[in-house]
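Asker: So I've got this file, upload33.pdb, and it contains PDB, C-alpha atoms:
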ATOM      1  CA  MET A  13      50.894  19.033  32.969
ATOM      2  CA  SER A  14      50.887  21.058  36.178
ATOM      3  CA  THR A  15      54.152  22.050  37.819
ATOM      4  CA  SER A  16      55.240  22.911  41.332
ATOM      5  CA  ALA A  17      55.423  26.673  41.787
ATOM      6  CA  GLY A  18      58.692  27.975  40.376
ATOM      7  CA  THR A  19      60.302  24.565  39.854
ATOM      8  CA  ASP A  20      59.357  23.471  36.322
ATOM      9  CA  LEU A  21      58.939  20.004  37.822
ATOM     10  CA  PRO A  22      55.587  18.191  37.646
ATOM     11  CA  ALA A  23      53.619  18.677  40.873
ATOM     12  CA  VAL A  24      53.392  15.537  43.001
ATOM     13  CA  ASP A  25      51.999  15.277  46.521
ATOM     14  CA  ASP A  26      54.471  14.073  49.161
ATOM     15  CA  ALA A  27      57.480  14.795  46.981
ATOM     16  CA  VAL A  28      60.645  16.088  48.625
ATOM     17  CA  VAL A  29      62.277  19.004  46.816
ATOM     18  CA  VAL A  30      65.927  19.756  47.500
ATOM     19  CA  ASP A  31      67.339  23.015  46.125
ATOM     20  CA  VAL A  32      71.125  23.301  46.447
ATOM     21  CA  PRO A  33      73.928  25.455  45.079
ATOM     22  CA  ALA A  34      75.073  23.962  41.777
ATOM     23  CA  ARG A  35      78.457  22.885  43.103
ATOM     24  CA  ALA A  36      80.080  19.473  43.440
ATOM     25  CA  ARG A  37      80.148  19.737  47.230
ATOM     26  CA  SER A  38      76.324  20.037  47.250
ATOM     27  CA  LEU A  39      75.913  16.604  45.670
ATOM     28  CA  ARG A  40      76.425  14.970  49.070
ATOM     29  CA  LEU A  41      73.101  16.378  50.241
ATOM     30  CA  LEU A  42      71.365  15.058  47.116
ATOM     31  CA  ARG A  43      72.879  11.598  47.593
ATOM     32  CA  MET A  44      71.703  11.513  51.220
ATOM     33  CA  ALA A  45      68.172  12.656  50.349
ATOM     34  CA  VAL A  46      67.796  10.126  47.530
ATOM     35  CA  ALA A  47      69.196   7.301  49.680
ATOM     36  CA  ASP A  48      66.746   8.187  52.449
ATOM     37  CA  ALA A  49      63.810   8.122  50.022
ATOM     38  CA  ALA A  50      64.906   4.753  48.616
ATOM     39  CA  ALA A  51      65.276   3.331  52.137
ATOM     40  CA  ASP A  52      61.786   4.624  53.028
ATOM     41  CA  LEU A  53      60.489   2.514  50.132
ATOM     42  CA  ASP A  54      62.126  -0.553  51.736
ATOM     43  CA  MET A  55      64.537  -0.925  48.839
ATOM     44  CA  ASP A  56      67.489  -3.187  49.592
ATOM     45  CA  LEU A  57      70.953  -1.772  50.266
ATOM     46  CA  ASP A  58      72.189  -2.387  46.715
ATOM     47  CA  THR A  59      69.217  -0.480  45.299
ATOM     48  CA  VAL A  60      69.711   2.392  47.760
ATOM     49  CA  GLU A  61      73.335   2.610  46.635
ATOM     50  CA  SER A  62      72.224   2.507  42.980
ATOM     51  CA  ALA A  63      69.953   5.507  43.632
ATOM     52  CA  ARG A  64      72.852   7.397  45.241
ATOM     53  CA  ILE A  65      75.122   6.648  42.294
ATOM     54  CA  ALA A  66      72.474   7.650  39.739
ATOM     55  CA  VAL A  67      71.725  11.067  41.243
ATOM     56  CA  ASP A  68      75.442  11.744  41.620
ATOM     57  CA  GLU A  69      76.294  10.768  38.030
ATOM     58  CA  LEU A  70      73.352  12.591  36.437
ATOM     59  CA  ALA A  71      73.838  15.761  38.480
ATOM     60  CA  THR A  72      77.555  15.735  37.671
ATOM     61  CA  LEU A  73      76.797  15.423  33.942
ATOM     62  CA  VAL A  74      74.356  18.329  34.100
ATOM     63  CA  LEU A  75      76.621  20.580  36.171
ATOM     64  CA  ALA A  76      79.365  20.134  33.564
ATOM     65  CA  THR A  77      77.203  21.768  30.859
ATOM     66  CA  ALA A  78      77.452  25.334  32.223
ATOM     67  CA  THR A  79      78.128  27.417  35.302
ATOM     68  CA  TRP A  80      74.762  27.011  36.995
ATOM     69  CA  SER A  81      73.672  28.814  40.151
ATOM     70  CA  ARG A  82      71.233  26.220  41.574
ATOM     71  CA  LEU A  83      70.165  22.610  41.143
ATOM     72  CA  ARG A  84      66.644  21.657  42.187
ATOM     73  CA  VAL A  85      65.839  17.970  42.593
ATOM     74  CA  ARG A  86      62.417  16.472  43.307
ATOM     75  CA  ILE A  87      62.326  13.030  44.906
ATOM     76  CA  ASN A  88      59.112  11.042  44.849
ATOM     77  CA  GLY A  89      58.409   7.526  46.040
ATOM     78  CA  LEU A  90      55.163   5.883  45.064
ATOM     79  CA  GLU A  91      54.166   2.234  45.320
ATOM     80  CA  GLY A  92      57.713   0.895  45.463
ATOM     81  CA  CYS A  93      58.998   3.145  42.671
ATOM     82  CA  LEU A  94      61.502   5.945  43.185
ATOM     83  CA  ARG A  95      61.346   8.847  40.726
ATOM     84  CA  VAL A  96      63.951  11.609  40.808
ATOM     85  CA  ASP A  97      63.766  14.726  38.612
ATOM     86  CA  GLY A  98      66.397  17.456  38.445
ATOM     87  CA  VAL A  99      66.477  20.940  36.944
ATOM     88  CA  PRO A 100      69.517  23.243  36.941
ATOM     89  CA  ARG A 101      68.899  26.996  37.277
ATOM     90  CA  GLY A 102      70.642  30.220  36.408
ATOM     91  CA  ALA A 103      73.178  29.371  33.720
ATOM     92  CA  ASP A 104      75.986  31.882  33.443
ATOM     93  CA  GLY A 105      76.978  31.872  29.780
ATOM     94  CA  GLU A 106      76.456  29.274  27.115
ATOM     95  CA  VAL A 107      75.084  25.836  27.961
ATOM     96  CA  SER A 108      76.874  22.959  26.265
ATOM     97  CA  ALA A 109      75.288  19.663  25.318
ATOM     98  CA  VAL A 110      75.078  16.948  27.939
ATOM     99  CA  THR A 111      77.396  14.121  27.036
ATOM    100  CA  ALA A 112      77.846  10.861  28.885
ATOM    101  CA  ASP A 113      80.756   8.670  27.997
ATOM    102  CA  ARG A 114      80.240   4.934  27.520
ATOM    103  CA  VAL A 115      81.289   4.064  31.077
ATOM    104  CA  VAL A 116      78.811   6.509  32.663
ATOM    105  CA  ALA A 117      76.018   5.368  30.339
ATOM    106  CA  GLU A 118      76.660   1.724  31.231
ATOM    107  CA  LEU A 119      76.826   2.539  34.949
ATOM    108  CA  LEU A 120      73.480   4.332  34.797
ATOM    109  CA  ALA A 121      71.958   1.467  32.819
ATOM    110  CA  VAL A 122      72.915  -0.913  35.611
ATOM    111  CA  CYS A 123      71.774   1.400  38.441
ATOM    112  CA  VAL A 124      68.312   2.485  37.260
ATOM    113  CA  ASP A 125      65.378   1.159  35.288
ATOM    114  CA  GLU A 126      65.077   4.281  33.130
ATOM    115  CA  TYR A 127      66.800   7.644  32.866
ATOM    116  CA  HIS A 128      66.838  10.644  30.576
ATOM    117  CA  VAL A 129      68.810  13.869  30.196
ATOM    118  CA  ALA A 130      67.052  16.519  28.115
ATOM    119  CA  GLU A 131      68.594  19.148  25.852
ATOM    120  CA  ASP A 132      67.761  21.801  28.485
ATOM    121  CA  SER A 133      69.949  19.824  30.953
ATOM    122  CA  SER A 134      67.025  18.644  33.068
ATOM    123  CA  PHE A 135      67.111  14.971  34.003
ATOM    124  CA  TRP A 136      65.096  12.180  35.569
ATOM    125  CA  PHE A 137      65.474   8.568  36.571
ATOM    126  CA  THR A 138      63.292   5.844  38.037
ATOM    127  CA  ILE A 139      64.002   2.757  40.078
ATOM    128  CA  ASP A 140      61.181   0.267  40.559
ATOM    129  CA  LYS A 141      61.550  -1.896  43.662
ATOM    130  CA  GLY A 142      60.013  -4.818  41.787
ATOM    131  CA  THR A 143      62.622  -4.663  39.037
ATOM    132  CA  ALA A 144      65.636  -3.480  41.052
ATOM    133  CA  GLY A 145      68.816  -4.688  39.418
ATOM    134  CA  ALA A 146      67.290  -4.810  35.942
ATOM    135  CA  VAL A 147      69.210  -3.045  33.223
ATOM    136  CA  GLY A 148      67.637   0.295  32.134
ATOM    137  CA  SER A 149      68.308   2.421  29.077
ATOM    138  CA  GLN A 150      68.452   5.801  27.363
TER
END
Could you show the structure in this file as structure tokens?
Answerer:
Amino acid sequence: MSTSAGTDLPAVDDAVVVDVPARARSLRLLRMAVADAAADLDMDLDTVESARIAVDELATLVLATATWSRLRVRINGLEGCLRVDGVPRGADGEVSAVTADRVVAELLAVCVDEYHVAEDSSFWFTIDKGTAGAVGSQ
């Protein structure tokens, strides 16, 4: 698997990469970028909002695992499918396990088709325009 230079994210043409300080106030920029990508794919308003919620919830979970310096998110839309990958950078100290309570897990299951948070605190989710509103898992 090839990766974008210095990102540890798989290389994809036409992807948008947003690199922000790993702080709660930076999540607004991620929500706006993901919503814009979903709208560009002609996803309906509910699906755009689901994408905003998903990136916010997953980034918040990851940022709670350590004091990170940066969060890099790659947003890719292809054939009606939105794929978002995130990688935190520069942990200061020990990294704790990512834990999602039942409410967050259920919210994500409603918002996206699939999602995953890895042990290294990286994450991804997909929303397929053709199955928007379907319940995802993981």
Asker: Listing only residues of stretch 59-103 of chain A within 9 Å of stretch 129-137 of chain A, what is the closest atom pair and its distance in Å (to one decimal) for each, using all atoms listed in the file, sorted by chain and residue number ascending, as JSON lines?
Answerer:
{"residue": "A:Ala63", "atom": "CA", "partner": "A:Phe137", "partner_atom": "CA", "distance": 8.9}
{"residue": "A:Ala66", "atom": "CA", "partner": "A:Phe137", "partner_atom": "CA", "distance": 7.7}
{"residue": "A:Val67", "atom": "CA", "partner": "A:Phe137", "partner_atom": "CA", "distance": 8.2}
{"residue": "A:Leu70", "atom": "CA", "partner": "A:Phe135", "partner_atom": "CA", "distance": 7.1}
{"residue": "A:Ala71", "atom": "CA", "partner": "A:Phe135", "partner_atom": "CA", "distance": 8.1}
{"residue": "A:Leu73", "atom": "CA", "partner": "A:Ser133", "partner_atom": "CA", "distance": 8.7}
{"residue": "A:Val74", "atom": "CA", "partner": "A:Ser133", "partner_atom": "CA", "distance": 5.6}
{"residue": "A:Leu75", "atom": "CA", "partner": "A:Ser133", "partner_atom": "CA", "distance": 8.5}
{"residue": "A:Thr77", "atom": "CA", "partner": "A:Ser133", "partner_atom": "CA", "distance": 7.5}
{"residue": "A:Leu94", "atom": "CA", "partner": "A:Phe137", "partner_atom": "CA", "distance": 8.1}
{"residue": "A:Arg95", "atom": "CA", "partner": "A:Phe137", "partner_atom": "CA", "distance": 5.9}
{"residue": "A:Val96", "atom": "CA", "partner": "A:Trp136", "partner_atom": "CA", "distance": 5.4}
{"residue": "A:Asp97", "atom": "CA", "partner": "A:Trp136", "partner_atom": "CA", "distance": 4.2}
{"residue": "A:Gly98", "atom": "CA", "partner": "A:Phe135", "partner_atom": "CA", "distance": 5.1}
{"residue": "A:Val99", "atom": "CA", "partner": "A:Ser134", "partner_atom": "CA", "distance": 4.5}
{"residue": "A:Pro100", "atom": "CA", "partner": "A:Ser134", "partner_atom": "CA", "distance": 6.5}
Asker: How many Å lie between atom CA of A:Val46 and atom CA of A:His128, rounded to one decimal?
Answerer: 17.0 Å
Asker: Find the residue from A:Ile65, A:Val110, A:Leu119, A:Val28 that sits nearest to A:Arg40; use all atoms listed in the file when measuring.
Answerer: A:Ile65
Asker: With 4 Å added on each side, what axis-aligned box encloses every listed atom of stretch 80-84 of chain A? Give the centre and edge lengths in Å to one decimal, as AutoDock Vina command-line options.
Answerer:
--center_x 70.7 --center_y 25.2 --center_z 39.6 --size_x 16.1 --size_y 15.2 --size_z 13.2
Asker: Name the closest residue to A:Met55 among the candidates A:Val29, A:Cys93, A:Ile87, A:Leu120; distances are taken between atoms, counting only C-alpha atoms.
Answerer: A:Cys93
Asker: When you draw a straight line from atom CA of A:Met44 to atom CA of A:Val115, how long is it in Å?
Answerer: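 A separation of 23.5 Å between them.
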Asker: Please output stretch 64-94 of chain A, rebuilt to include N, CA and C atoms, as a PDB file, keeping the file's coordinate frame.
Answerer:
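Saved to result_11.pdb:
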ATOM      1  N   ARG A  64      71.821   6.402  44.908  1.00  0.00           N
ATOM      2  CA  ARG A  64      72.852   7.397  45.241  1.00  0.00           C
ATOM      3  C   ARG A  64      73.795   7.628  44.060  1.00  0.00           C
ATOM      4  N   ILE A  65      74.216   6.548  43.443  1.00  0.00           N
ATOM      5  CA  ILE A  65      75.122   6.648  42.294  1.00  0.00           C
ATOM      6  C   ILE A  65      74.437   7.386  41.142  1.00  0.00           C
ATOM      7  N   ALA A  66      73.187   7.048  40.872  1.00  0.00           N
ATOM      8  CA  ALA A  66      72.474   7.650  39.739  1.00  0.00           C
ATOM      9  C   ALA A  66      72.324   9.155  39.898  1.00  0.00           C
ATOM     10  N   VAL A  67      71.895   9.621  41.071  1.00  0.00           N
ATOM     11  CA  VAL A  67      71.725  11.067  41.243  1.00  0.00           C
ATOM     12  C   VAL A  67      73.070  11.775  41.154  1.00  0.00           C
ATOM     13  N   ASP A  68      74.110  11.159  41.681  1.00  0.00           N
ATOM     14  CA  ASP A  68      75.442  11.744  41.620  1.00  0.00           C
ATOM     15  C   ASP A  68      75.935  11.852  40.177  1.00  0.00           C
ATOM     16  N   GLU A  69      75.822  10.775  39.418  1.00  0.00           N
ATOM     17  CA  GLU A  69      76.294  10.768  38.030  1.00  0.00           C
ATOM     18  C   GLU A  69      75.501  11.735  37.154  1.00  0.00           C
ATOM     19  N   LEU A  70      74.170  11.714  37.280  1.00  0.00           N
ATOM     20  CA  LEU A  70      73.352  12.591  36.437  1.00  0.00           C
ATOM     21  C   LEU A  70      73.551  14.066  36.800  1.00  0.00           C
ATOM     22  N   ALA A  71      73.614  14.372  38.074  1.00  0.00           N
ATOM     23  CA  ALA A  71      73.838  15.761  38.480  1.00  0.00           C
ATOM     24  C   ALA A  71      75.218  16.236  38.023  1.00  0.00           C
ATOM     25  N   THR A  72      76.214  15.375  38.123  1.00  0.00           N
ATOM     26  CA  THR A  72      77.555  15.735  37.671  1.00  0.00           C
ATOM     27  C   THR A  72      77.573  16.016  36.169  1.00  0.00           C
ATOM     28  N   LEU A  73      76.889  15.180  35.392  1.00  0.00           N
ATOM     29  CA  LEU A  73      76.797  15.423  33.942  1.00  0.00           C
ATOM     30  C   LEU A  73      76.173  16.783  33.649  1.00  0.00           C
ATOM     31  N   VAL A  74      75.085  17.077  34.331  1.00  0.00           N
ATOM     32  CA  VAL A  74      74.356  18.329  34.100  1.00  0.00           C
ATOM     33  C   VAL A  74      75.187  19.532  34.531  1.00  0.00           C
ATOM     34  N   LEU A  75      75.833  19.446  35.683  1.00  0.00           N
ATOM     35  CA  LEU A  75      76.621  20.580  36.171  1.00  0.00           C
ATOM     36  C   LEU A  75      77.808  20.888  35.262  1.00  0.00           C
ATOM     37  N   ALA A  76      78.240  19.920  34.482  1.00  0.00           N
ATOM     38  CA  ALA A  76      79.365  20.134  33.564  1.00  0.00           C
ATOM     39  C   ALA A  76      78.959  20.889  32.293  1.00  0.00           C
ATOM     40  N   THR A  77      77.665  21.119  32.089  1.00  0.00           N
ATOM     41  CA  THR A  77      77.203  21.768  30.859  1.00  0.00           C
ATOM     42  C   THR A  77      77.291  23.284  30.889  1.00  0.00           C
ATOM     43  N   ALA A  78      77.395  23.871  32.092  1.00  0.00           N
ATOM     44  CA  ALA A  78      77.452  25.334  32.223  1.00  0.00           C
ATOM     45  C   ALA A  78      77.812  25.670  33.662  1.00  0.00           C
ATOM     46  N   THR A  79      77.988  26.956  33.925  1.00  0.00           N
ATOM     47  CA  THR A  79      78.128  27.417  35.302  1.00  0.00           C
ATOM     48  C   THR A  79      76.724  27.768  35.774  1.00  0.00           C
ATOM     49  N   TRP A  80      76.133  26.846  36.493  1.00  0.00           N
ATOM     50  CA  TRP A  80      74.762  27.011  36.995  1.00  0.00           C
ATOM     51  C   TRP A  80      74.803  27.615  38.393  1.00  0.00           C
ATOM     52  N   SER A  81      73.722  28.279  38.789  1.00  0.00           N
ATOM     53  CA  SER A  81      73.672  28.814  40.151  1.00  0.00           C
ATOM     54  C   SER A  81      73.016  27.830  41.120  1.00  0.00           C
ATOM     55  N   ARG A  82      71.983  27.122  40.691  1.00  0.00           N
ATOM     56  CA  ARG A  82      71.233  26.220  41.574  1.00  0.00           C
ATOM     57  C   ARG A  82      70.910  24.918  40.853  1.00  0.00           C
ATOM     58  N   LEU A  83      70.661  23.881  41.652  1.00  0.00           N
ATOM     59  CA  LEU A  83      70.165  22.610  41.143  1.00  0.00           C
ATOM     60  C   LEU A  83      69.009  22.196  42.039  1.00  0.00           C
ATOM     61  N   ARG A  84      67.847  22.042  41.450  1.00  0.00           N
ATOM     62  CA  ARG A  84      66.644  21.657  42.187  1.00  0.00           C
ATOM     63  C   ARG A  84      66.280  20.232  41.798  1.00  0.00           C
ATOM     64  N   VAL A  85      66.145  19.376  42.806  1.00  0.00           N
ATOM     65  CA  VAL A  85      65.839  17.970  42.593  1.00  0.00           C
ATOM     66  C   VAL A  85      64.571  17.618  43.359  1.00  0.00           C
ATOM     67  N   ARG A  86      63.651  16.958  42.673  1.00  0.00           N
ATOM     68  CA  ARG A  86      62.417  16.472  43.307  1.00  0.00           C
ATOM     69  C   ARG A  86      62.507  14.961  43.421  1.00  0.00           C
ATOM     70  N   ILE A  87      62.242  14.457  44.618  1.00  0.00           N
ATOM     71  CA  ILE A  87      62.326  13.030  44.906  1.00  0.00           C
ATOM     72  C   ILE A  87      60.940  12.557  45.291  1.00  0.00           C
ATOM     73  N   ASN A  88      60.452  11.543  44.581  1.00  0.00           N
ATOM     74  CA  ASN A  88      59.112  11.042  44.849  1.00  0.00           C
ATOM     75  C   ASN A  88      59.119   9.521  44.893  1.00  0.00           C
ATOM     76  N   GLY A  89      58.560   8.973  45.927  1.00  0.00           N
ATOM     77  CA  GLY A  89      58.409   7.526  46.040  1.00  0.00           C
ATOM     78  C   GLY A  89      56.937   7.178  46.038  1.00  0.00           C
ATOM     79  N   LEU A  90      56.560   6.268  45.167  1.00  0.00           N
ATOM     80  CA  LEU A  90      55.163   5.883  45.064  1.00  0.00           C
ATOM     81  C   LEU A  90      55.065   4.409  44.717  1.00  0.00           C
ATOM     82  N   GLU A  91      54.412   3.654  45.567  1.00  0.00           N
ATOM     83  CA  GLU A  91      54.166   2.234  45.320  1.00  0.00           C
ATOM     84  C   GLU A  91      55.424   1.462  44.928  1.00  0.00           C
ATOM     85  N   GLY A  92      56.489   1.642  45.703  1.00  0.00           N
ATOM     86  CA  GLY A  92      57.713   0.895  45.463  1.00  0.00           C
ATOM     87  C   GLY A  92      58.572   1.410  44.336  1.00  0.00           C
ATOM     88  N   CYS A  93      58.231   2.561  43.771  1.00  0.00           N
ATOM     89  CA  CYS A  93      58.998   3.145  42.671  1.00  0.00           C
ATOM     90  C   CYS A  93      59.561   4.495  43.104  1.00  0.00           C
ATOM     91  N   LEU A  94      60.842   4.685  42.887  1.00  0.00           N
ATOM     92  CA  LEU A  94      61.502   5.945  43.185  1.00  0.00           C
ATOM     93  C   LEU A  94      61.652   6.722  41.886  1.00  0.00           C
TER      94      LEU A  94
END
